[in-house]
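Before any comments, here is the structure.
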Amino acid sequence: MSTGISNTAPSASSGSKRRRKTSHLKEVPPTQELRDSLRARCEAVADRLDRSVPMSKDELEQISRRTLEEADLPESYLGWIMVMISGSFWRHELQAVPPERRLFLLPHCLKHAEGCPAEYDEFGMNCKECGACSIADFRGLAEDMGYRVLVAEGSPVVMKIIVGGYVDAVIGVACLNVLEKAIDKVLLAGIPCMAVPLLSSDCRNTKVDEPWVDQMIRTPYVPAKQQTRSYVHLMRAASDLFQPEHLDDVVPRVREKQPVGGDPLTAQAVAEMDAVSATEHIAYDFLTRGGKHSRPFITLAAYDAMAGGDCTGHEAAKSLAELPESVRRAAMSIETFHKASLVHDDIEDDDAFRYGQPSLHKTFGTPTAINVGDYLVGLGYRMISDRPGMSASSSEAQLDVLDCLAAAHMRLGEGQGAELLWRDGTELHLTPLDALKIYALKTSPAFEAALFSGIRLGCDKVPDADPKEYRDAIRTFSRNLGVAFQILNDLGDFAGDDHNKMMAGQDLFGGRPTLLWALALESLNPTSKDKLLALASPECELPAAARLNQVRALYDKAGVFETALRLVDKHQQRAEQVADQIEPEALRRLLYYLVDTVLERLEMPAPAVVPLQVTVPLA
């Protein structure tokens, strides 16, 4: 097996070219005849593809463009064709999943808007069989066959349902905008998925090719072994690491062992415990609460990629059971550090809730919460420093992982410290280079630690693997991925992110340093710059909505959204250049997957471009 940095040309799945925007390429073919013809063509194309691994987003786009060219059809159908080909690609895997392990998604916008009697709950719309629209008919058919059914629009609960182990495949109906995001979050993970696009995206009394939906629901069950590799097994394994019984198995508590992870923990319940045991109990309980567990997933997936990729194949259950305890400990330690940082971040930002429950400092007080965060830091290092627990890996690998985690921890502290000092200071000027330095320190180390820990432990399985070569490459990859991610996160905050924050402008009103702010200060004339500084001042008496609108207008004037997105493209290309050269192929595929799923583009205003040549410095 070849390892390290390859001298061969980049693979066909490489995305090193500049990403073309496809947000405007979402027209639906206008006639039933044309749609039927194109669907048949897409099935024929998909049947010629290698189904051993999921397509990358670039591969899917390239294949879809060729399909359109061969059919002599306009580029504007690209989004629709991508959905058709991806669904055709997965239809055989879908057949291998019994209906009771399938999830059927329906959108709100299929309802009859006038007088719809349905009510909503946390999981979507509770449809009533009034006969006014087709939702009840589809739902009834799917439920009769054993499907789980969810009436919701692009809900993040879908991945939670999948990772939770409730379903193994998804079918659905949605507009092309929602389906494009599903390609990132669901299809690239290797989850069998088929969808029928809506015929319009006006979200009111819209229509769909109903015979197609009926046929999709009736997809027969044909038992077969998994053919296409899937990251879902590793996602579920990462989540399972923080089940109470697994925590106590890998890192047993040394104090009292009262149950954790049940009802919300209260100050009164803790007050009744032995005082020495309380900190450990709060910390373990917090580890079981919520989270996407993306960091432990990355560690497990990186190790598996080095070890041959068996945890993504049809014998994943057997391979996951054989994962060394040292790898599990490394994955758990990184999540433990992350949870410690969340406790401290909530205190620093005075956030009231975490995972739908009061944050620790609101429940137990700030001093106790700080102490619990400190305990979690110690626990994270103890998971790795314990030689008997790490005995499945060499002592050299153990020390390398410890060194990487310590270096990452220090850089994270520097980045967070720089942000806090700027936020709490009186000087609001910030250069783009300063912002990017903070991003590189604050965001990138988490990706680096998660990736390198898995790779380094996997190097023990690969003859002649050079850990230093991997570490240098992963540091470059993670720095660029982390910076691009943070820029997109700031854009999402400014635009309002339904999955993460309740309203737009939280970074602005919270006084946190962002690249958008720095770009605006650098590009605006003195009068506009003074106006921007006044809008950010705590003494500004304008209502929040008015302040936000005026700041947005100044950002538009400075062209910061377009400039920020161009910087995302630049850092993404640099991350992909590393991925292009990495070996083995399974690790290269994981890096591509992270790029495609972590860097989710937003629809942002794109006014006149303001040239700015700035990139993140070496950390």
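Note on naming: chains are A, B, ... as they come in the structure tokens, residues start from 1 per chain, ligands start from 1 in the order shown.
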Practice problem: Write down as a VMD selection string the residues of region 33-220 of chain A whose backbone DSSP state falls under alpha helix (DSSP H). | Solution: chain A and resid 33 to 46 57 to 70 78 to 95 135 to 145 157 to 163 176 to 182 210 to 217
Quiz item: What's the 10 Å shell around region 465-478 of chain A, counting only C-alpha atoms, without same-chain residues fewer than 5 positions away, as a PyMOL selection string?
Solution: chain A and resi 1-5+306+397+400+404+440+443-453+455-460+483-484+571-579+581-583+591+595+618-619
Exercise. Pick out the residues sitting within 12 Å of Phe297 (chain A), and hand them over as an MDAnalysis selection string; count only C-alpha atoms, and ignore anything fewer than 2 positions along from it in its own chain.
Key: chainID A and resid 163 189 231:242 291:295 299:305 311 327:328 330:332 334:335 447 450:451 453:454 590 594
Quiz item: Quick one: residues within 8 Å of region 378-394 of chain A, only C-alpha atoms counted, chain neighbours fewer than 2 positions away excluded, as a VMD selection string?
Solution: chain A and resid 251 324 to 326 329 to 330 332 to 334 336 to 337 374 to 376 396 to 398 401 to 402 457 460
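You can rank A:Met273, A:Leu105, A:Ile81, A:Ala44 by their closest distance to Val173 (chain A) using only C-alpha atoms, and at the top of that list sits A:Leu105.
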For region 521-536 of chain A, list every protein, DNA or RNA residue within 8 Å, evaluated using only C-alpha atoms, and leave out those in the same chain fewer than 2 positions away; present the list as a PDB file with all heavy atoms, in the first residue's frame.
```pdb
ATOM      1  N   LEU A 428     -11.538  49.024  17.974  1.00  0.00           N
ATOM      2  CA  LEU A 428     -12.342  48.176  17.102  1.00  0.00           C
ATOM      3  C   LEU A 428     -11.725  47.975  15.720  1.00  0.00           C
ATOM      4  O   LEU A 428     -12.299  47.282  14.890  1.00  0.00           O
ATOM      5  CB  LEU A 428     -13.748  48.778  16.934  1.00  0.00           C
ATOM      6  CG  LEU A 428     -14.604  48.821  18.209  1.00  0.00           C
ATOM      7  CD1 LEU A 428     -15.966  49.426  17.910  1.00  0.00           C
ATOM      8  CD2 LEU A 428     -14.755  47.432  18.811  1.00  0.00           C
ATOM      9  N   HIS A 429     -10.569  48.587  15.462  1.00  0.00           N
ATOM     10  CA  HIS A 429      -9.923  48.380  14.177  1.00  0.00           C
ATOM     11  C   HIS A 429      -9.310  46.978  14.118  1.00  0.00           C
ATOM     12  O   HIS A 429      -8.780  46.474  15.116  1.00  0.00           O
ATOM     13  CB  HIS A 429      -8.844  49.440  13.938  1.00  0.00           C
ATOM     14  CG  HIS A 429      -9.416  50.802  13.677  1.00  0.00           C
ATOM     15  ND1 HIS A 429      -9.783  51.654  14.703  1.00  0.00           N
ATOM     16  CD2 HIS A 429      -9.707  51.454  12.516  1.00  0.00           C
ATOM     17  CE1 HIS A 429     -10.263  52.780  14.182  1.00  0.00           C
ATOM     18  NE2 HIS A 429     -10.224  52.675  12.859  1.00  0.00           N
ATOM     19  N   LEU A 430      -9.416  46.355  12.948  1.00  0.00           N
ATOM     20  CA  LEU A 430      -8.938  44.991  12.757  1.00  0.00           C
ATOM     21  C   LEU A 430      -8.566  44.829  11.289  1.00  0.00           C
ATOM     22  O   LEU A 430      -9.321  45.224  10.399  1.00  0.00           O
ATOM     23  CB  LEU A 430     -10.047  43.997  13.127  1.00  0.00           C
ATOM     24  CG  LEU A 430      -9.731  42.510  13.016  1.00  0.00           C
ATOM     25  CD1 LEU A 430      -8.852  42.071  14.192  1.00  0.00           C
ATOM     26  CD2 LEU A 430     -11.025  41.691  12.994  1.00  0.00           C
ATOM     27  N   THR A 431      -7.395  44.268  11.004  1.00  0.00           N
ATOM     28  CA  THR A 431      -7.005  44.045   9.618  1.00  0.00           C
ATOM     29  C   THR A 431      -7.433  42.648   9.181  1.00  0.00           C
ATOM     30  O   THR A 431      -7.570  41.739  10.020  1.00  0.00           O
ATOM     31  CB  THR A 431      -5.485  44.175   9.436  1.00  0.00           C
ATOM     32  OG1 THR A 431      -4.849  43.056  10.085  1.00  0.00           O
ATOM     33  CG2 THR A 431      -4.970  45.489  10.019  1.00  0.00           C
ATOM     34  N   PRO A 432      -7.641  42.419   7.893  1.00  0.00           N
ATOM     35  CA  PRO A 432      -7.969  41.066   7.422  1.00  0.00           C
ATOM     36  C   PRO A 432      -6.920  40.044   7.832  1.00  0.00           C
ATOM     37  O   PRO A 432      -7.260  38.906   8.182  1.00  0.00           O
ATOM     38  CB  PRO A 432      -8.035  41.231   5.900  1.00  0.00           C
ATOM     39  CG  PRO A 432      -8.435  42.659   5.699  1.00  0.00           C
ATOM     40  CD  PRO A 432      -7.728  43.412   6.792  1.00  0.00           C
ATOM     41  N   LEU A 508     -21.672  40.421  15.299  1.00  0.00           N
ATOM     42  CA  LEU A 508     -21.595  41.882  15.292  1.00  0.00           C
ATOM     43  C   LEU A 508     -22.007  42.443  16.656  1.00  0.00           C
ATOM     44  O   LEU A 508     -21.281  43.239  17.269  1.00  0.00           O
ATOM     45  CB  LEU A 508     -22.495  42.456  14.195  1.00  0.00           C
ATOM     46  CG  LEU A 508     -22.629  43.985  14.170  1.00  0.00           C
ATOM     47  CD1 LEU A 508     -21.336  44.619  13.693  1.00  0.00           C
ATOM     48  CD2 LEU A 508     -23.798  44.400  13.280  1.00  0.00           C
ATOM     49  N   PHE A 509     -23.170  42.020  17.154  1.00  0.00           N
ATOM     50  CA  PHE A 509     -23.670  42.556  18.413  1.00  0.00           C
ATOM     51  C   PHE A 509     -22.883  42.027  19.614  1.00  0.00           C
ATOM     52  O   PHE A 509     -22.849  42.650  20.669  1.00  0.00           O
ATOM     53  CB  PHE A 509     -25.153  42.229  18.574  1.00  0.00           C
ATOM     54  CG  PHE A 509     -26.015  42.827  17.486  1.00  0.00           C
ATOM     55  CD1 PHE A 509     -26.987  42.082  16.856  1.00  0.00           C
ATOM     56  CD2 PHE A 509     -25.835  44.144  17.099  1.00  0.00           C
ATOM     57  CE1 PHE A 509     -27.784  42.638  15.857  1.00  0.00           C
ATOM     58  CE2 PHE A 509     -26.616  44.707  16.094  1.00  0.00           C
ATOM     59  CZ  PHE A 509     -27.594  43.951  15.476  1.00  0.00           C
ATOM     60  N   GLY A 511     -19.694  41.705  19.566  1.00  0.00           N
ATOM     61  CA  GLY A 511     -18.388  42.334  19.546  1.00  0.00           C
ATOM     62  C   GLY A 511     -17.257  41.412  19.175  1.00  0.00           C
ATOM     63  O   GLY A 511     -16.096  41.659  19.525  1.00  0.00           O
ATOM     64  N   TRP A 517     -15.894  42.212   9.093  1.00  0.00           N
ATOM     65  CA  TRP A 517     -15.650  43.515   9.713  1.00  0.00           C
ATOM     66  C   TRP A 517     -14.319  44.088   9.237  1.00  0.00           C
ATOM     67  O   TRP A 517     -14.219  45.254   8.868  1.00  0.00           O
ATOM     68  CB  TRP A 517     -15.661  43.337  11.230  1.00  0.00           C
ATOM     69  CG  TRP A 517     -15.354  44.578  12.014  1.00  0.00           C
ATOM     70  CD1 TRP A 517     -14.138  44.935  12.536  1.00  0.00           C
ATOM     71  CD2 TRP A 517     -16.256  45.626  12.354  1.00  0.00           C
ATOM     72  NE1 TRP A 517     -14.231  46.145  13.188  1.00  0.00           N
ATOM     73  CE2 TRP A 517     -15.531  46.583  13.094  1.00  0.00           C
ATOM     74  CE3 TRP A 517     -17.609  45.846  12.122  1.00  0.00           C
ATOM     75  CZ2 TRP A 517     -16.110  47.739  13.591  1.00  0.00           C
ATOM     76  CZ3 TRP A 517     -18.194  46.992  12.629  1.00  0.00           C
ATOM     77  CH2 TRP A 517     -17.455  47.928  13.348  1.00  0.00           C
ATOM     78  N   ALA A 518     -13.291  43.244   9.232  1.00  0.00           N
ATOM     79  CA  ALA A 518     -11.958  43.708   8.835  1.00  0.00           C
ATOM     80  C   ALA A 518     -11.926  44.136   7.367  1.00  0.00           C
ATOM     81  O   ALA A 518     -11.317  45.153   7.017  1.00  0.00           O
ATOM     82  CB  ALA A 518     -10.932  42.603   9.082  1.00  0.00           C
ATOM     83  N   LEU A 519     -12.585  43.371   6.502  1.00  0.00           N
ATOM     84  CA  LEU A 519     -12.627  43.725   5.083  1.00  0.00           C
ATOM     85  C   LEU A 519     -13.339  45.049   4.869  1.00  0.00           C
ATOM     86  O   LEU A 519     -12.930  45.876   4.039  1.00  0.00           O
ATOM     87  CB  LEU A 519     -13.323  42.623   4.289  1.00  0.00           C
ATOM     88  CG  LEU A 519     -12.575  41.283   4.150  1.00  0.00           C
ATOM     89  CD1 LEU A 519     -13.477  40.247   3.505  1.00  0.00           C
ATOM     90  CD2 LEU A 519     -11.298  41.456   3.348  1.00  0.00           C
ATOM     91  N   PRO A 538     -21.325  50.187  21.617  1.00  0.00           N
ATOM     92  CA  PRO A 538     -22.382  49.893  22.599  1.00  0.00           C
ATOM     93  C   PRO A 538     -23.293  51.093  22.858  1.00  0.00           C
ATOM     94  O   PRO A 538     -24.422  50.932  23.313  1.00  0.00           O
ATOM     95  CB  PRO A 538     -21.601  49.530  23.864  1.00  0.00           C
ATOM     96  CG  PRO A 538     -20.246  49.130  23.389  1.00  0.00           C
ATOM     97  CD  PRO A 538     -19.974  49.959  22.173  1.00  0.00           C
ATOM     98  N   CYS A 540     -24.540  52.964  20.575  1.00  0.00           N
ATOM     99  CA  CYS A 540     -25.486  53.157  19.459  1.00  0.00           C
ATOM    100  C   CYS A 540     -26.904  52.889  19.949  1.00  0.00           C
ATOM    101  O   CYS A 540     -27.199  51.841  20.521  1.00  0.00           O
ATOM    102  CB  CYS A 540     -25.136  52.233  18.308  1.00  0.00           C
ATOM    103  SG  CYS A 540     -26.220  52.430  16.878  1.00  0.00           S
ATOM    104  N   ARG A 547     -29.748  48.653  13.008  1.00  0.00           N
ATOM    105  CA  ARG A 547     -28.283  48.612  12.992  1.00  0.00           C
ATOM    106  C   ARG A 547     -27.797  47.557  11.998  1.00  0.00           C
ATOM    107  O   ARG A 547     -26.875  47.803  11.215  1.00  0.00           O
ATOM    108  CB  ARG A 547     -27.747  48.279  14.388  1.00  0.00           C
ATOM    109  CG  ARG A 547     -27.894  49.388  15.407  1.00  0.00           C
ATOM    110  CD  ARG A 547     -27.515  48.892  16.800  1.00  0.00           C
ATOM    111  NE  ARG A 547     -26.092  48.596  16.914  1.00  0.00           N
ATOM    112  CZ  ARG A 547     -25.555  47.958  17.947  1.00  0.00           C
ATOM    113  NH1 ARG A 547     -26.336  47.541  18.944  1.00  0.00           N
ATOM    114  NH2 ARG A 547     -24.258  47.729  17.999  1.00  0.00           N
ATOM    115  N   GLN A 550     -28.189  48.648   8.374  1.00  0.00           N
ATOM    116  CA  GLN A 550     -27.214  49.662   7.961  1.00  0.00           C
ATOM    117  C   GLN A 550     -25.817  49.056   7.828  1.00  0.00           C
ATOM    118  O   GLN A 550     -25.061  49.421   6.920  1.00  0.00           O
ATOM    119  CB  GLN A 550     -27.206  50.818   8.961  1.00  0.00           C
ATOM    120  CG  GLN A 550     -28.494  51.654   8.932  1.00  0.00           C
ATOM    121  CD  GLN A 550     -28.374  52.945   9.713  1.00  0.00           C
ATOM    122  OE1 GLN A 550     -27.295  53.534   9.812  1.00  0.00           O
ATOM    123  NE2 GLN A 550     -29.489  53.408  10.266  1.00  0.00           N
ATOM    124  N   VAL A 551     -25.471  48.131   8.714  1.00  0.00           N
ATOM    125  CA  VAL A 551     -24.177  47.459   8.583  1.00  0.00           C
ATOM    126  C   VAL A 551     -24.140  46.637   7.303  1.00  0.00           C
ATOM    127  O   VAL A 551     -23.145  46.632   6.569  1.00  0.00           O
ATOM    128  CB  VAL A 551     -23.903  46.568   9.807  1.00  0.00           C
ATOM    129  CG1 VAL A 551     -22.681  45.684   9.567  1.00  0.00           C
ATOM    130  CG2 VAL A 551     -23.691  47.419  11.045  1.00  0.00           C
ATOM    131  N   LEU A 554     -23.428  48.815   4.394  1.00  0.00           N
ATOM    132  CA  LEU A 554     -22.011  49.184   4.322  1.00  0.00           C
ATOM    133  C   LEU A 554     -21.161  47.998   3.861  1.00  0.00           C
ATOM    134  O   LEU A 554     -20.195  48.174   3.101  1.00  0.00           O
ATOM    135  CB  LEU A 554     -21.534  49.681   5.684  1.00  0.00           C
ATOM    136  CG  LEU A 554     -22.102  51.050   6.116  1.00  0.00           C
ATOM    137  CD1 LEU A 554     -21.773  51.333   7.577  1.00  0.00           C
ATOM    138  CD2 LEU A 554     -21.554  52.165   5.221  1.00  0.00           C
ATOM    139  N   LYS A 557     -21.577  47.804   0.212  1.00  0.00           N
ATOM    140  CA  LYS A 557     -20.800  48.870  -0.422  1.00  0.00           C
ATOM    141  C   LYS A 557     -19.323  48.495  -0.520  1.00  0.00           C
ATOM    142  O   LYS A 557     -18.655  48.782  -1.520  1.00  0.00           O
ATOM    143  CB  LYS A 557     -20.963  50.160   0.382  1.00  0.00           C
ATOM    144  CG  LYS A 557     -20.228  51.367  -0.195  1.00  0.00           C
ATOM    145  CD  LYS A 557     -20.477  52.608   0.657  1.00  0.00           C
ATOM    146  CE  LYS A 557     -19.749  53.828   0.089  1.00  0.00           C
ATOM    147  NZ  LYS A 557     -19.994  55.034   0.935  1.00  0.00           N
ATOM    148  N   ALA A 558     -18.809  47.812   0.503  1.00  0.00           N
ATOM    149  CA  ALA A 558     -17.402  47.410   0.526  1.00  0.00           C
ATOM    150  C   ALA A 558     -17.145  46.108  -0.232  1.00  0.00           C
ATOM    151  O   ALA A 558     -15.991  45.728  -0.432  1.00  0.00           O
ATOM    152  CB  ALA A 558     -16.939  47.257   1.967  1.00  0.00           C
ATOM    153  N   VAL A 610     -14.446  43.907  -4.786  1.00  0.00           N
ATOM    154  CA  VAL A 610     -13.377  44.784  -4.316  1.00  0.00           C
ATOM    155  C   VAL A 610     -12.110  43.950  -4.229  1.00  0.00           C
ATOM    156  O   VAL A 610     -12.034  43.023  -3.412  1.00  0.00           O
ATOM    157  CB  VAL A 610     -13.710  45.383  -2.932  1.00  0.00           C
ATOM    158  CG1 VAL A 610     -12.559  46.246  -2.444  1.00  0.00           C
ATOM    159  CG2 VAL A 610     -14.991  46.193  -3.009  1.00  0.00           C
TER     160      VAL A 610
END
```
Quiz prompt | Surrounding residues of Lys26 (chain A) excluding itself and chain neighbours under 5 positions, 10 Å, only C-alpha atoms, as a list in words | solution = Glu75, Ser76, Tyr77, Leu78, Gly79, Trp80, Ile81, Met82, Cys175, Leu176, Asn177, Glu180, Ser200 and Ser201 of chain A
Same residues, all heavy atoms, saved as a compact mmCIF listing (two decimals), in the first residue's frame:
```
# COMPACT_ATOMS: atom_id res chain seq x y z
N GLU A 75 -27.34 24.16 -19.83
CA GLU A 75 -26.68 24.02 -18.54
C GLU A 75 -27.63 24.29 -17.38
O GLU A 75 -27.41 23.83 -16.26
CB GLU A 75 -25.49 24.98 -18.48
CG GLU A 75 -24.65 24.87 -17.23
CD GLU A 75 -23.60 25.95 -17.12
OE1 GLU A 75 -23.84 27.06 -17.64
OE2 GLU A 75 -22.55 25.69 -16.51
N SER A 76 -28.69 25.02 -17.63
CA SER A 76 -29.61 25.41 -16.56
C SER A 76 -30.30 24.21 -15.90
O SER A 76 -30.84 24.33 -14.80
CB SER A 76 -30.67 26.37 -17.10
OG SER A 76 -31.39 25.78 -18.17
N TYR A 77 -30.26 23.03 -16.55
CA TYR A 77 -30.86 21.82 -15.96
C TYR A 77 -29.87 21.07 -15.07
O TYR A 77 -30.17 19.97 -14.60
CB TYR A 77 -31.34 20.87 -17.06
CG TYR A 77 -32.46 21.39 -17.92
CD1 TYR A 77 -32.66 20.88 -19.21
CD2 TYR A 77 -33.33 22.37 -17.47
CE1 TYR A 77 -33.69 21.34 -20.01
CE2 TYR A 77 -34.36 22.83 -18.26
CZ TYR A 77 -34.53 22.32 -19.54
OH TYR A 77 -35.55 22.79 -20.34
N LEU A 78 -28.69 21.63 -14.83
CA LEU A 78 -27.63 20.89 -14.15
C LEU A 78 -28.06 20.38 -12.78
O LEU A 78 -27.85 19.21 -12.44
CB LEU A 78 -26.39 21.77 -14.00
CG LEU A 78 -25.21 21.13 -13.26
CD1 LEU A 78 -24.68 19.93 -14.03
CD2 LEU A 78 -24.10 22.15 -13.03
N GLY A 79 -28.66 21.24 -11.93
CA GLY A 79 -29.05 20.82 -10.59
C GLY A 79 -30.04 19.66 -10.63
O GLY A 79 -29.93 18.70 -9.85
N TRP A 80 -30.99 19.74 -11.54
CA TRP A 80 -32.00 18.68 -11.68
C TRP A 80 -31.34 17.37 -12.10
O TRP A 80 -31.64 16.30 -11.54
CB TRP A 80 -33.05 19.12 -12.69
CG TRP A 80 -34.28 18.27 -12.74
CD1 TRP A 80 -35.41 18.39 -12.00
CD2 TRP A 80 -34.50 17.13 -13.61
NE1 TRP A 80 -36.33 17.42 -12.34
CE2 TRP A 80 -35.80 16.63 -13.33
CE3 TRP A 80 -33.74 16.50 -14.58
CZ2 TRP A 80 -36.33 15.53 -13.98
CZ3 TRP A 80 -34.26 15.38 -15.24
CH2 TRP A 80 -35.55 14.92 -14.94
N ILE A 81 -30.44 17.44 -13.07
CA ILE A 81 -29.76 16.24 -13.56
C ILE A 81 -28.89 15.62 -12.46
O ILE A 81 -28.82 14.39 -12.30
CB ILE A 81 -28.89 16.57 -14.79
CG1 ILE A 81 -29.77 16.85 -16.00
CG2 ILE A 81 -27.92 15.44 -15.10
CD1 ILE A 81 -30.48 15.63 -16.57
N MET A 82 -28.24 16.46 -11.65
CA MET A 82 -27.42 15.93 -10.55
C MET A 82 -28.27 15.12 -9.57
O MET A 82 -27.86 14.06 -9.10
CB MET A 82 -26.70 17.07 -9.83
CG MET A 82 -25.58 17.70 -10.64
SD MET A 82 -24.84 19.17 -9.86
CE MET A 82 -24.01 18.45 -8.43
N CYS A 175 -37.54 20.70 -3.02
CA CYS A 175 -37.10 21.59 -4.08
C CYS A 175 -35.61 21.38 -4.31
O CYS A 175 -34.90 20.80 -3.50
CB CYS A 175 -37.39 23.05 -3.73
SG CYS A 175 -36.43 23.68 -2.34
N LEU A 176 -35.09 21.87 -5.45
CA LEU A 176 -33.70 21.62 -5.81
C LEU A 176 -32.73 22.27 -4.83
O LEU A 176 -31.64 21.75 -4.59
CB LEU A 176 -33.44 22.12 -7.24
CG LEU A 176 -34.04 21.25 -8.34
CD1 LEU A 176 -33.86 21.89 -9.70
CD2 LEU A 176 -33.42 19.86 -8.35
N ASN A 177 -33.10 23.41 -4.23
CA ASN A 177 -32.21 24.04 -3.25
C ASN A 177 -31.96 23.12 -2.06
O ASN A 177 -30.84 22.97 -1.59
CB ASN A 177 -32.79 25.37 -2.77
CG ASN A 177 -32.65 26.47 -3.79
OD1 ASN A 177 -31.66 26.52 -4.51
ND2 ASN A 177 -33.63 27.34 -3.86
N GLU A 180 -29.87 20.01 -3.11
CA GLU A 180 -28.45 20.29 -3.29
C GLU A 180 -27.72 20.16 -1.95
O GLU A 180 -26.61 19.62 -1.87
CB GLU A 180 -28.24 21.68 -3.87
CG GLU A 180 -26.77 22.01 -4.14
CD GLU A 180 -26.58 23.39 -4.72
OE1 GLU A 180 -27.07 24.37 -4.11
OE2 GLU A 180 -25.95 23.50 -5.78
N SER A 200 -41.62 23.20 -8.97
CA SER A 200 -41.36 24.63 -8.77
C SER A 200 -40.89 24.80 -7.34
O SER A 200 -41.06 23.92 -6.50
CB SER A 200 -42.61 25.48 -9.01
OG SER A 200 -43.61 25.17 -8.06
N SER A 201 -40.29 25.94 -7.06
CA SER A 201 -39.76 26.17 -5.71
C SER A 201 -40.39 27.39 -5.07
O SER A 201 -39.77 28.09 -4.29
CB SER A 201 -38.24 26.35 -5.78
OG SER A 201 -37.90 27.40 -6.65
```
Quiz prompt | Selection: 12 Å around Gln357 (chain A), only C-alpha atoms, excl. self and same-chain fewer than 4 positions, as number ranges by chain | solution = A: 263-266, 286, 289-290, 351-353, 361-363
Exercise. Could you tell me how far CA of Arg102 (chain A) lies from CA of Arg51 (chain A), in Å and to one decimal?
Key: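 The value is 20.2 Å.
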Exercise. For CA of Tyr221 (chain A) and CA of Gln95 (chain A), quote the distance in Å rounded to one decimal.
Key: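 Computed distance, CA of Tyr221 (chain A) to CA of Gln95 (chain A), equals 4.8 Å.
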Quiz item: With only C-alpha atoms as the atoms that count, which of A:Asp569, A:Asp214, A:Glu539, A:Glu100 lies nearest to Arg139 (chain A)?
Solution: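 Among the listed residues, the smallest separation from Arg139 (chain A) belongs to A:Asp214.
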Quiz item: In terms of the shortest atom-to-atom distance over only C-alpha atoms, which of A:Lys442, A:Arg512, A:His281, A:Lys339 is closest to Pro244 (chain A)?
Solution: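 Under the stated criterion, the closest residue is A:His281.
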Quiz item: CA of Asn489 (chain A) and CA of Ala553 (chain A) are how many Å apart?
Solution: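 Result for CA of Asn489 (chain A) versus CA of Ala553 (chain A): 19.8 Å, one decimal.
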Practice problem: Go through A:Glu414, A:Asp464, A:Glu61, A:Asp346 one by one, measure the shortest atom-to-atom distance of each to Ile438 (chain A) using only C-alpha atoms, and give the residue with the smallest value. | Solution: A:Glu414
